[in-house]
Amino acid sequence: MAGSTLASPTGSIGSRAANRVSPGAEAWRRFRRHRLALAGALILVVIVLAVVLGPLLWAVPINEIDFSAKLQGMSWSHPLGTDDLGQDLLARMLYGGRISLAVGFAAMLIAIVVGTLVGAIAGISRGSIDAALMWLTDLFLSLPQLPLLLLIIYLFRDTLKALVGPEVGVFILVVAVIGCFRWMPVARLVRAQFLSLREKEFVEAARALGATTTRQVVRHILPNSLGPVIVAGTIDVAAAIIAESTLSFLGLGFPPDVPTWGRLLYDAKDYLDIAPHWALFPGSAIFFAVLSINFIGDGLRDALDPRKVM
Amino acid sequence: MGGPLLRVENLVKHFPVKGALFSREVDQVRAVDGVSFCIDAGETLGLVGESGCGKSTTGRCILRLTEPTSGEVWFDGRNVTAMDAQALRLVRRDMQIIFQDPYASLNPRMTVGAIVGEALTIHKLANNAQEYDDRVVHLLETVGLHADHMRRYPHEFSGGQRQRIGIARALAVSPKLIVCDEPVSALDVSVQAQVINLLEDLQQKFNLTYLFVAHDLSVVEHISTRVVVMYLGRIVEIATARELYTTPKHPYTEALLSAAPIPDPQVKRKRIVLEGDVPNPMRPPSGCHFHPRCPRATERCASEAPLLREIAPGRVSACHFSA
């Protein structure tokens with residue numbers, strides 16, 4: 001009987017001892033197979049590097065007015081041309097990209113944290129708490145977002161401006177407002193994940209070992225429910241960048257002297273026929289940033305789904 | 001120690017069926033409908049029956065992974081069904097479970113070491129990292145795995161190896177009773193034998209008691225001391241493995257045994273083919289649950305539910321006609 005308890009004597013595992021694969025490494029391998037996602041990641045890295053390091057290398061002030069050089073096309077002194085006040089568009093775009101991307105990622109973080117929290121609490125507690133939280137989620141989903149956004153910004157902009165300065169104030173307001181209107185899909189996603197994972201055998205096994213509810217959630221349920229959340233997060237970044245552009249385009253985001261990609265578009269709209277480059281560059285910056293982030297989300301979804309063979 | 005290790009008394013689990021409107025309870029699935037049995041320390045009690053007869057639910061109710069609707073579970077002199085959450089966590093050091101599907105029962109994002117060692121963390125059974133590692137390695141080696149498997153992830157293992165990891169996890173708390181919920185049904189036949197042998201070795205080594213839930217009659221015959229046969233949420237017969245397989249007393253047991261294949265083409269025997277399907281557990285038949293399919297059924301069976309009665313020492317059967 002002694003030999004009967006040895007696991008598969010062929011040692012199929014032993015031969016692979018050298019290359020053990022963690023889920024992270026496996027996900028990266030699968031992500032690399034997704035060409036569009038990899039291209040998206042590259043483009044995003046370039047954009048992020050440009051807006052982080054760009055203003056240091058291209059040290060032209062963003063608000064230097066020069067009427068002798070207004071509405072110029074591309075040239076060596078102004079690679080992306082100038083606007084109606086003769087301000088350098090490259091400098092303004094690099095600076096504006098910082099704000100647009102920062103808004104995108106910060107709003108995504110808020111949406112994910114709030115959404116995961118609400119979804120997790122709803123998913124793990126049965127009954128009335130779950131029902132109440134889902135009513136809240138549905139309520140938020142049914143609110144007409146844009147009018148409400150405008151109202152909130154109109155009501156609170158001046159208070160916040162006075163409190164922490166115009167730029168930071170508007171940043172906080174825009175991020176909070178966008179984040180608070182984007183957590184609902186994440187909450188639903190997380191709740192659905194929790195409902196199915198809660199009944200999985202490995203969670204039951206943890207319960208049978210005497211794990212507390214907190215431990216079951218933190219160690220077993222949450223790590224296994226985050227795949228779709230990461231994907232939803234990347235899509236939220238893109239959506240937040242667009243939402244910020246929309247607000248700026250409506251003239252309700254940052255003050256006029258602070259350039260963001262959306263603000264640049266707003267300013268350019270009256271000169272589309274004589275200075276199309278003014279709208280083209282910030283427009284394509286938004287386009288490429290959003291597209292690449294969506295592709296990354298696509299790639300992550302495939303990479304994190306173990307059922308998909310790659 | 002006097003008395004059985006585990007005593008189940010009149011265990012009932014009804015799952016509510018909710019209507020679409022206002023989630024009103026419109027009906028119940030009677031998964032387990034008044035089940036009583038005992039398990040002595042050191043024995044293996046087999047629990048067999050068709051799919052959906054409530055055998056897994058019974059196992060889970062004993063551990064209170066599923067809350068029983070009513071009835072009592074006494075373990076080692078303590079009433080498990082009346083315990084609060086704190087006491088329940090403590091008693092789970094003595095009662096463990098091995099699951100059917102080794103692919104679903106291991107957390108894919110934890111290393112094998114973390115899976116097996118989780119119980120040590122929860123119950124603070126290791127004083128330092130060195131002791132923790134030593135115990136995890138010891139557990140892995142006990143179930144026939146290697147120390148260097150500790151840092152791997154479940155997806156790197158085969159079904160049989162995963163089931164060993166599941167067994168090591170159950171052993172980590174040094175339990176007295178292990179509920180084996182169809183532990184080999186998801187495995188290849190050759191691997192089934194390995195795992196069964198492992199379970200038997202472990203039982204001798206650690207003086208374990210098993211409740212072995214399965215639908216494979218030959219596996220149950222091999223491993224069990226006594227066998228409980230269930231049909232539609234009720235026990236129909238309890239007997240020692242040898243007696244049950246040679247002289248079944250209940251017509252359902254007879255039919256069940258006649259359906260199990262014998263690995264010898266020369267053996268001729270009478271096949272009892274049951275008519276129809278297992279009835280809907282939401283609408284169980286009147287009287288004896290088995291009467292619509294029973295070859296011996298009479299009018300009495302349709303009106304009067306037979307009680308489990310002792311027909312010989314240590315043998316009970318729920319049939320009006322078994323003697």
# chains A, B, ... in the order shown; residues from 1 in each chain; ligands from 1
>>> residues_around(residues="Ala240 of chain A", least_positions_apart="6", cutoff="10 Å", atoms="only C-alpha atoms", output="list in words")
Ser100, Leu101, Ala102, Val103, Gly104, Phe105, Ala106, Ala107, Met108, Ala111, Val174, Val175, Ile178, Gly179, Phe181, Arg182, Thr234, Thr246 and Val290 of chain A
>>> write_last_selection(atoms="C-alpha atoms", output="compact mmCIF listing (two decimals), in the first residue's frame")
# COMPACT_ATOMS: atom_id res chain seq x y z
CA SER A 100 -7.22 65.37 -19.27
CA LEU A 101 -5.37 62.16 -18.39
CA ALA A 102 -5.25 63.05 -14.68
CA VAL A 103 -9.00 63.66 -14.71
CA GLY A 104 -9.51 60.37 -16.56
CA PHE A 105 -7.50 58.24 -14.16
CA ALA A 106 -8.66 59.99 -10.99
CA ALA A 107 -12.32 59.73 -12.00
CA MET A 108 -11.78 56.06 -12.85
CA ALA A 111 -15.72 55.11 -9.86
CA VAL A 174 -14.90 67.63 -12.26
CA VAL A 175 -13.28 64.42 -11.02
CA ILE A 178 -17.57 62.33 -13.27
CA GLY A 179 -16.52 59.61 -10.82
CA PHE A 181 -21.74 59.18 -12.18
CA ARG A 182 -19.68 56.22 -13.34
CA THR A 234 -9.94 51.12 -18.47
CA THR A 246 -17.71 67.48 -23.03
CA VAL A 290 -9.50 56.82 -25.77
>>> closest_atom_pairs(of="segment 103-188 of chain B", to="segment 45-67 of chain B", cutoff="9 Å", atoms="only C-alpha atoms", output="tab-separated table")
residue	atom	partner	partner_atom	distance
B:Val179	CA	B:Gly59	CA	6.3
B:Cys180	CA	B:Gly59	CA	8.1
B:Asp181	CA	B:Ser56	CA	6.2
B:Glu182	CA	B:Ser56	CA	8.1
>>> write_last_selection(atoms="N, CA and C atoms", output="tab-separated table (two decimals), in the first residue's frame")
chain	number	residue	atom	x	y	z
B	179	VAL	N	-16.31	14.96	5.85
B	179	VAL	CA	-17.40	14.67	4.92
B	179	VAL	C	-16.79	14.64	3.53
B	180	CYS	N	-16.81	13.48	2.89
B	180	CYS	CA	-16.28	13.37	1.53
B	180	CYS	C	-17.45	13.48	0.58
B	181	ASP	N	-17.59	14.64	-0.07
B	181	ASP	CA	-18.74	14.87	-0.94
B	181	ASP	C	-18.39	14.44	-2.36
B	182	GLU	N	-18.63	13.19	-2.67
B	182	GLU	CA	-18.28	12.61	-3.96
B	182	GLU	C	-16.84	12.94	-4.36
>>> interface_residues(of="chain B", to="chain A", cutoff="8 Å", atoms="only C-alpha atoms", output="VMD selection string")
chain B and resid 63 65 88 to 90 92 to 93 96 to 97 99 104 to 109 119 122 to 123 143 to 145 152 to 153 156 to 157 160 to 161 170 194 to 195 197 to 198 201
>>> write_last_selection(atoms="C-alpha atoms", output="PDB file, in the first residue's frame")
ATOM      1  CA  LEU B  63     -21.246  21.102   8.493  1.00  0.00           C
ATOM      2  CA  LEU B  65     -22.487  25.035   4.998  1.00  0.00           C
ATOM      3  CA  LEU B  88     -19.222  26.952  14.820  1.00  0.00           C
ATOM      4  CA  ARG B  89     -15.796  28.232  13.723  1.00  0.00           C
ATOM      5  CA  LEU B  90     -14.235  26.243  16.548  1.00  0.00           C
ATOM      6  CA  ARG B  92     -15.017  23.243  12.223  1.00  0.00           C
ATOM      7  CA  ARG B  93     -11.547  22.364  13.410  1.00  0.00           C
ATOM      8  CA  GLN B  96     -13.955  19.069   7.465  1.00  0.00           C
ATOM      9  CA  ILE B  97     -15.152  18.506   3.927  1.00  0.00           C
ATOM     10  CA  PHE B  99     -15.415  18.531  -2.399  1.00  0.00           C
ATOM     11  CA  ALA B 104     -13.834  24.483  -8.484  1.00  0.00           C
ATOM     12  CA  SER B 105     -12.734  23.831  -4.929  1.00  0.00           C
ATOM     13  CA  LEU B 106      -9.292  25.489  -5.069  1.00  0.00           C
ATOM     14  CA  ASN B 107      -8.918  29.255  -5.268  1.00  0.00           C
ATOM     15  CA  PRO B 108      -7.136  29.856  -8.618  1.00  0.00           C
ATOM     16  CA  ARG B 109      -5.349  32.939  -7.284  1.00  0.00           C
ATOM     17  CA  ALA B 119      -6.450  26.853   8.183  1.00  0.00           C
ATOM     18  CA  ILE B 122      -7.242  31.123  10.616  1.00  0.00           C
ATOM     19  CA  HIS B 123      -6.894  29.018  13.755  1.00  0.00           C
ATOM     20  CA  VAL B 143      -1.020  13.312   0.723  1.00  0.00           C
ATOM     21  CA  GLY B 144       1.747  12.307  -1.683  1.00  0.00           C
ATOM     22  CA  LEU B 145       2.786  15.704  -3.053  1.00  0.00           C
ATOM     23  CA  ARG B 152       2.713  26.594  -7.511  1.00  0.00           C
ATOM     24  CA  TYR B 153      -0.810  27.529  -8.476  1.00  0.00           C
ATOM     25  CA  GLU B 156      -0.563  23.663 -12.807  1.00  0.00           C
ATOM     26  CA  PHE B 157      -1.906  20.409 -11.349  1.00  0.00           C
ATOM     27  CA  GLY B 160      -6.003  13.866  -9.019  1.00  0.00           C
ATOM     28  CA  GLN B 161      -3.269  16.110  -7.658  1.00  0.00           C
ATOM     29  CA  ALA B 170      -8.985  19.365   5.079  1.00  0.00           C
ATOM     30  CA  GLN B 194      -5.211   6.232  -5.936  1.00  0.00           C
ATOM     31  CA  VAL B 195      -7.343   8.749  -4.097  1.00  0.00           C
ATOM     32  CA  ASN B 197      -6.311   4.280  -1.255  1.00  0.00           C
ATOM     33  CA  LEU B 198      -4.969   7.573   0.042  1.00  0.00           C
ATOM     34  CA  ASP B 201      -4.318   5.177   4.471  1.00  0.00           C
TER      35      ASP B 201
END
>>> atom_distance(atom1="atom CA of Cys288 of chain B", atom2="atom CA of Ala214 of chain B")
23.3 Å
>>> closest_residue(among="B:Pro284, B:Gly19, B:Pro4, B:Pro251", to="Glu237 of chain B", atoms="only C-alpha atoms")
B:Pro251
>>> atom_distance(atom1="atom CA of Leu256 of chain B", atom2="atom CA of Met230 of chain B")
10.8 Å
>>> closest_residue(among="B:His289, B:Lys176, B:Arg309, B:His155", to="Thr209 of chain B", atoms="only C-alpha atoms")
B:Lys176
>>> residues_around(residues="His14 of chain B", least_positions_apart="4", cutoff="7 Å", atoms="only C-alpha atoms", output="MDAnalysis selection string")
chainID B and resid 28:32 69
